file structure.tsv (TSV, C-alpha atoms and all ligand atoms)
chain	number	residue	atom	x	y	z
A	1	SER	CA	-8.83	-28.82	-25.38
A	2	GLN	CA	-6.57	-29.93	-22.54
A	3	ALA	CA	-7.39	-33.17	-20.69
A	4	ILE	CA	-8.70	-32.75	-17.18
A	5	ARG	CA	-7.87	-34.69	-14.02
A	6	LEU	CA	-10.67	-36.23	-11.97
A	7	ALA	CA	-10.16	-36.82	-8.27
A	8	PRO	CA	-13.10	-38.67	-6.70
A	9	SER	CA	-13.31	-37.84	-2.98
A	10	LEU	CA	-13.52	-40.88	-0.72
A	11	LEU	CA	-15.47	-38.76	1.76
A	12	SER	CA	-18.67	-39.90	0.04
A	13	ALA	CA	-17.51	-43.51	-0.54
A	14	ASP	CA	-18.56	-46.55	1.48
A	15	PHE	CA	-16.07	-46.50	4.35
A	16	ALA	CA	-16.75	-50.16	5.12
A	17	ARG	CA	-15.45	-51.08	1.64
A	18	LEU	CA	-12.75	-48.49	0.96
A	19	GLY	CA	-10.37	-50.91	-0.79
A	20	GLU	CA	-13.05	-51.92	-3.28
A	21	GLU	CA	-14.15	-48.31	-3.79
A	22	VAL	CA	-10.60	-47.24	-4.62
A	23	ARG	CA	-10.20	-50.12	-7.08
A	24	ALA	CA	-13.53	-49.27	-8.68
A	25	ILE	CA	-12.69	-45.60	-9.29
A	26	GLU	CA	-9.29	-46.55	-10.71
A	27	ALA	CA	-10.99	-49.03	-13.07
A	28	ALA	CA	-13.38	-46.25	-14.10
A	29	GLY	CA	-10.46	-44.00	-15.06
A	30	ALA	CA	-9.97	-41.71	-12.05
A	31	ASP	CA	-6.70	-39.78	-12.16
A	32	LEU	CA	-6.28	-39.26	-8.41
A	33	VAL	CA	-7.85	-40.49	-5.18
A	34	HIS	CA	-8.87	-37.48	-3.08
A	35	PHE	CA	-8.44	-38.25	0.64
A	36	ASP	CA	-10.04	-35.76	3.04
A	37	VAL	CA	-8.54	-35.51	6.51
A	38	MET	CA	-10.62	-33.64	9.13
A	39	ASP	CA	-9.71	-33.13	12.78
A	40	ASN	CA	-12.76	-31.61	14.53
A	41	HIS	CA	-10.62	-28.54	15.19
A	42	TYR	CA	-9.80	-26.83	11.92
A	43	VAL	CA	-13.15	-28.09	10.60
A	44	PRO	CA	-16.19	-29.29	12.56
A	45	ASN	CA	-15.96	-32.89	11.39
A	46	LEU	CA	-13.73	-35.92	11.94
A	47	THR	CA	-12.59	-38.42	9.31
A	48	VAL	CA	-9.52	-40.58	8.85
A	49	GLY	CA	-5.77	-40.42	9.29
A	50	PRO	CA	-2.53	-41.93	8.00
A	51	LEU	CA	-3.45	-45.49	9.01
A	52	VAL	CA	-6.36	-45.52	6.57
A	53	CYS	CA	-4.23	-43.88	3.86
A	54	GLU	CA	-1.68	-46.67	4.31
A	55	ALA	CA	-4.44	-49.28	4.23
A	56	ILE	CA	-5.80	-48.16	0.84
A	57	ARG	CA	-2.34	-47.60	-0.73
A	58	PRO	CA	-1.90	-51.24	-1.92
A	59	HIS	CA	-5.36	-51.22	-3.54
A	60	THR	CA	-4.50	-48.72	-6.26
A	61	THR	CA	-1.68	-47.42	-8.41
A	62	ILE	CA	-3.10	-43.91	-8.90
A	63	PRO	CA	-1.74	-41.08	-6.74
A	64	ILE	CA	-3.36	-40.43	-3.36
A	65	ASP	CA	-4.20	-36.73	-3.09
A	66	VAL	CA	-4.33	-35.93	0.64
A	67	HIS	CA	-6.32	-32.83	1.62
A	68	LEU	CA	-5.45	-31.88	5.19
A	69	MET	CA	-8.16	-29.94	6.99
A	70	VAL	CA	-6.23	-30.05	10.24
A	71	GLU	CA	-4.53	-27.60	12.56
A	72	PRO	CA	-1.64	-27.70	13.26
A	73	VAL	CA	-0.36	-29.30	10.05
A	74	ASP	CA	3.35	-30.04	10.40
A	75	ALA	CA	3.36	-33.13	12.63
A	76	LEU	CA	1.04	-35.00	10.25
A	77	VAL	CA	3.03	-34.31	7.08
A	78	PRO	CA	5.72	-37.00	7.59
A	79	LEU	CA	3.07	-39.51	8.65
A	80	PHE	CA	1.11	-39.06	5.42
A	81	ALA	CA	4.27	-39.09	3.31
A	82	LYS	CA	5.13	-42.43	4.90
A	83	ALA	CA	1.56	-43.65	4.41
A	84	GLY	CA	1.90	-43.24	0.63
A	85	ALA	CA	0.47	-39.79	-0.13
A	86	ALA	CA	1.61	-38.41	-3.51
A	87	ILE	CA	0.18	-34.93	-2.94
A	88	ILE	CA	-0.32	-33.22	0.42
A	89	SER	CA	-2.41	-30.04	0.55
A	90	PHE	CA	-3.05	-27.87	3.58
A	91	HIS	CA	-4.77	-24.59	4.44
A	92	PRO	CA	-2.50	-21.59	5.09
A	93	GLU	CA	-4.56	-20.56	8.17
A	94	ALA	CA	-3.63	-23.89	9.75
A	95	SER	CA	0.15	-23.51	9.49
A	96	ARG	CA	2.12	-20.87	11.32
A	97	HIS	CA	4.87	-20.99	8.69
A	98	VAL	CA	3.40	-21.73	5.29
A	99	ASP	CA	6.71	-21.60	3.42
A	100	ARG	CA	8.28	-24.08	5.85
A	101	THR	CA	5.38	-26.53	5.62
A	102	LEU	CA	5.47	-26.42	1.80
A	103	GLY	CA	9.21	-27.10	1.88
A	104	MET	CA	8.76	-29.98	4.29
A	105	ILE	CA	6.18	-31.66	2.05
A	106	ARG	CA	8.52	-31.52	-0.95
A	107	GLU	CA	11.54	-32.69	1.05
A	108	LEU	CA	9.56	-35.80	1.89
A	109	GLY	CA	9.09	-36.47	-1.82
A	110	CYS	CA	5.46	-35.38	-2.16
A	111	LYS	CA	3.87	-32.67	-4.26
A	112	ALA	CA	2.85	-29.67	-2.17
A	113	GLY	CA	-0.64	-28.17	-2.35
A	114	LEU	CA	-2.04	-25.01	-0.82
A	115	ALA	CA	-5.80	-24.87	-0.15
A	116	PHE	CA	-7.85	-21.67	-0.11
A	117	ASN	CA	-11.24	-21.42	1.58
A	118	PRO	CA	-13.98	-19.44	-0.18
A	119	ALA	CA	-13.21	-16.31	1.91
A	120	THR	CA	-9.41	-16.67	1.93
A	121	PRO	CA	-7.71	-14.27	-0.49
A	122	LEU	CA	-5.06	-15.62	-2.89
A	123	ALA	CA	-2.67	-12.85	-1.80
A	124	LEU	CA	-0.06	-15.04	-0.12
A	125	LEU	CA	0.17	-17.33	-3.14
A	126	GLU	CA	2.45	-14.96	-5.05
A	127	HIS	CA	5.06	-15.29	-2.29
A	128	VAL	CA	5.23	-19.08	-2.44
A	129	LEU	CA	4.52	-19.88	-6.12
A	130	ASP	CA	7.94	-21.51	-6.52
A	131	LYS	CA	7.15	-23.99	-3.75
A	132	VAL	CA	3.66	-25.01	-4.77
A	133	ASP	CA	2.72	-27.88	-7.09
A	134	LEU	CA	-1.03	-27.56	-6.69
A	135	VAL	CA	-3.43	-24.77	-5.81
A	136	LEU	CA	-6.69	-26.05	-4.31
A	137	LEU	CA	-9.62	-23.66	-4.39
A	138	MET	CA	-12.44	-24.64	-2.06
A	139	SER	CA	-15.80	-24.00	-3.68
A	140	VAL	CA	-17.64	-24.86	-0.44
A	141	ASN	CA	-16.70	-24.27	3.19
A	142	PRO	CA	-14.58	-27.27	4.19
A	143	GLY	CA	-15.96	-29.94	6.49
A	144	PHE	CA	-18.69	-31.78	4.63
A	145	GLY	CA	-19.45	-33.46	1.33
A	146	GLY	CA	-22.61	-32.83	-0.63
A	147	GLN	CA	-22.69	-29.01	-0.35
A	148	LYS	CA	-23.61	-26.54	-3.08
A	149	PHE	CA	-20.91	-24.95	-5.29
A	150	ILE	CA	-20.28	-21.29	-4.33
A	151	PRO	CA	-20.39	-19.31	-7.62
A	152	GLY	CA	-17.87	-16.68	-6.42
A	153	THR	CA	-15.22	-19.39	-6.84
A	154	LEU	CA	-15.32	-18.85	-10.61
A	155	ALA	CA	-13.81	-15.34	-10.41
A	156	LYS	CA	-11.18	-16.64	-8.02
A	157	LEU	CA	-10.34	-19.49	-10.38
A	158	ARG	CA	-9.75	-17.00	-13.19
A	159	GLN	CA	-7.50	-14.99	-10.88
A	160	ALA	CA	-5.51	-18.11	-9.90
A	161	ARG	CA	-5.29	-19.20	-13.57
A	162	THR	CA	-3.80	-15.80	-14.51
A	163	LEU	CA	-1.20	-16.03	-11.70
A	164	ILE	CA	-0.22	-19.59	-12.63
A	165	ASP	CA	-0.01	-18.91	-16.37
A	166	ALA	CA	2.23	-15.89	-15.75
A	167	HIS	CA	4.42	-17.98	-13.45
A	168	VAL	CA	4.80	-20.76	-16.02
A	169	ALA	CA	5.39	-18.27	-18.84
A	170	ALA	CA	8.24	-16.81	-16.78
A	171	GLY	CA	9.87	-20.24	-16.59
A	172	GLY	CA	8.28	-21.50	-13.35
A	173	GLN	CA	7.31	-25.12	-12.65
A	174	PRO	CA	3.86	-26.37	-13.61
A	175	ILE	CA	1.12	-25.90	-11.00
A	176	TRP	CA	-2.18	-27.78	-11.02
A	177	LEU	CA	-5.35	-25.82	-10.31
A	178	GLN	CA	-7.81	-27.92	-8.37
A	179	VAL	CA	-11.38	-27.13	-7.39
A	180	ASP	CA	-13.07	-28.90	-4.48
A	181	GLY	CA	-16.71	-28.81	-3.45
A	182	GLY	CA	-20.05	-29.14	-5.21
A	183	VAL	CA	-18.60	-30.14	-8.58
A	184	ASN	CA	-21.05	-32.08	-10.77
A	185	ALA	CA	-21.74	-32.92	-14.41
A	186	GLN	CA	-23.89	-29.78	-14.79
A	187	ASN	CA	-21.34	-27.20	-13.60
A	188	ILE	CA	-17.98	-28.80	-14.47
A	189	GLY	CA	-17.87	-27.22	-17.93
A	190	THR	CA	-18.22	-23.71	-16.50
A	191	ILE	CA	-15.63	-24.44	-13.79
A	192	ARG	CA	-13.21	-25.77	-16.39
A	193	ALA	CA	-13.73	-22.68	-18.56
A	194	ALA	CA	-12.77	-20.55	-15.52
A	195	GLY	CA	-9.37	-22.27	-15.45
A	196	ALA	CA	-9.50	-25.38	-13.26
A	197	ASP	CA	-7.67	-28.47	-14.57
A	198	THR	CA	-8.18	-30.85	-11.63
A	199	PHE	CA	-11.62	-31.63	-10.19
A	200	VAL	CA	-12.58	-33.17	-6.88
A	201	ALA	CA	-15.99	-34.81	-6.84
A	202	GLY	CA	-17.42	-36.69	-3.88
A	203	ASN	CA	-21.17	-36.77	-3.94
A	204	ALA	CA	-21.34	-36.53	-7.74
A	205	VAL	CA	-19.41	-39.81	-7.99
A	206	PHE	CA	-20.22	-41.95	-4.96
A	207	GLY	CA	-23.70	-40.53	-4.37
A	208	ALA	CA	-24.86	-40.77	-7.99
A	209	PRO	CA	-28.08	-42.76	-8.50
A	210	ASP	CA	-26.31	-45.25	-10.79
A	211	ALA	CA	-23.21	-45.59	-8.55
A	212	ASP	CA	-24.04	-49.18	-7.63
A	213	ARG	CA	-23.47	-50.15	-11.28
A	214	GLY	CA	-19.90	-48.81	-11.16
A	215	TYR	CA	-18.32	-45.45	-11.80
A	216	HIS	CA	-17.44	-45.61	-15.52
A	217	THR	CA	-20.53	-43.79	-16.74
A	218	ILE	CA	-20.32	-41.21	-13.98
A	219	LEU	CA	-16.68	-40.32	-14.68
A	220	ARG	CA	-17.33	-40.27	-18.43
A	221	ARG	CA	-20.18	-37.81	-17.84
A	222	LEU	CA	-17.88	-35.56	-15.79
A	223	ARG	CA	-15.26	-35.60	-18.55
A	224	ALA	CA	-17.71	-34.83	-21.35
B	301	LIG	C1	-15.06	-30.92	1.79
B	301	LIG	C2	-14.03	-31.82	1.14
B	301	LIG	C3	-14.36	-32.23	-0.23
B	301	LIG	C4	-15.65	-33.01	-0.34
B	301	LIG	C5	-16.25	-32.69	-1.65
B	301	LIG	O1	-14.54	-30.33	2.93
B	301	LIG	O2	-12.77	-31.16	1.09
B	301	LIG	O3	-13.29	-32.94	-0.83
B	301	LIG	O4	-15.49	-34.40	-0.26
B	301	LIG	O5	-17.46	-33.33	-1.72
B	301	LIG	P1	-18.56	-32.91	-2.78
B	301	LIG	O6	-18.01	-33.18	-4.14
B	301	LIG	O7	-19.68	-33.81	-2.41
B	301	LIG	O8	-18.86	-31.45	-2.56
B	302	ZN	ZN	-11.19	-32.16	-0.16
call {"tool": "encode", "arguments": {"input": "structure.tsv", "output": "structure tokens", "more": "lines below"}}
Ligand code: DX5
Ligand code: ZN
result
Amino acid sequence: SQAIRLAPSLLSADFARLGEEVRAIEAAGADLVHFDVMDNHYVPNLTVGPLVCEAIRPHTTIPIDVHLMVEPVDALVPLFAKAGAAIISFHPEASRHVDRTLGMIRELGCKAGLAFNPATPLALLEHVLDKVDLVLLMSVNPGFGGQKFIPGTLAKLRQARTLIDAHVAAGGQPIWLQVDGGVNAQNIGTIRAAGADTFVAGNAVFGAPDADRGYHTILRRLRA
């Protein structure tokens, strides 16, 4: 079976020790660092911006996967590209011109991701498949860590997997299929079987009971 990518979400990390946390997940074998940006407008919560992204950049060599839960999107894209983001994802509802925003992210040298809320249909995806490097399916409503996985995401994952496979079979570029919200060691196998290849996990990594002993065991459990 295909190897999966694990993207621990810093949302559940110790924000007073972010540099150490990032080094620790890299040492434990994380593939990406998931960086959640919330603006108290698109979502009812407030986190961190490009300054903090830039501050953690020197602490790791793995790609920083920026998940923008902000509206509007465009003005922040160059700031995160400059701050060292490798991937920048945004929600289509938060951009007036989705195609333009995707193009802008790629022009700045980043991979472009499009994020779908649980109730957002995948319909517009077919129109921008050529411009997308990652499809992010939210399996909780965005805004908070530690929520419960919404089971309806599984059908949507299968739908996205079918679209992506057809696109690649027709000669299109590869597209990662990421799931974000409520992923844990118990449900990751089912989520993977539905077609996801990239997994965000916040609470399951940083909130695990044995987290203070490091993240090796936790990530190994998620990969099993
Ligand atoms: C939620 C964020 C997620 C969050 C996931 O809005 O986009 O990345 O950190 O956290 P868990 O894994 O705890 O659901
Ligand atoms: Zn996220």
call {"tool": "closest_residue", "arguments": {"input": "structure.tsv", "among": "A:Leu114, A:Ile191, A:Leu136, A:Cys53", "to": "Gly152 (chain A)", "atoms": "all atoms listed in the file"}}
result
A:Ile191
call {"tool": "residues_near_point", "arguments": {"input": "structure.tsv", "point": "(-16.4, -18.2, 0.9)", "cutoff": "7 Å", "atoms": "all atoms listed in the file", "output": "ChimeraX atom specification"}}
result
/A:117-119,140-141
call {"tool": "closest_residue", "arguments": {"input": "structure.tsv", "among": "A:Asn40, A:Thr217, A:Ser9, A:Gln186", "to": "ligand ZN 302 (chain B)", "atoms": "only C-alpha atoms and all ligand atoms"}}
result
A:Ser9
call {"tool": "residues_near_ligand", "arguments": {"input": "structure.tsv", "ligand": "ligand LIG 301 (chain B)", "cutoff": "10 Å", "atoms": "only C-alpha atoms and all ligand atoms", "output": "count of residues only"}}
result
50
call {"tool": "residues_around", "arguments": {"input": "structure.tsv", "residues": "Pro58 (chain A)", "least_positions_apart": "6", "cutoff": "10 Å", "atoms": "all atoms listed in the file", "output": "list in words"}}
result
Gly19, Val22, Arg23 and Gly84 of chain A
call {"tool": "atom_distance", "arguments": {"input": "structure.tsv", "atom1": "CA of Arg100 (chain A)", "atom2": "CA of Asp74 (chain A)"}}
result
9.0 Å
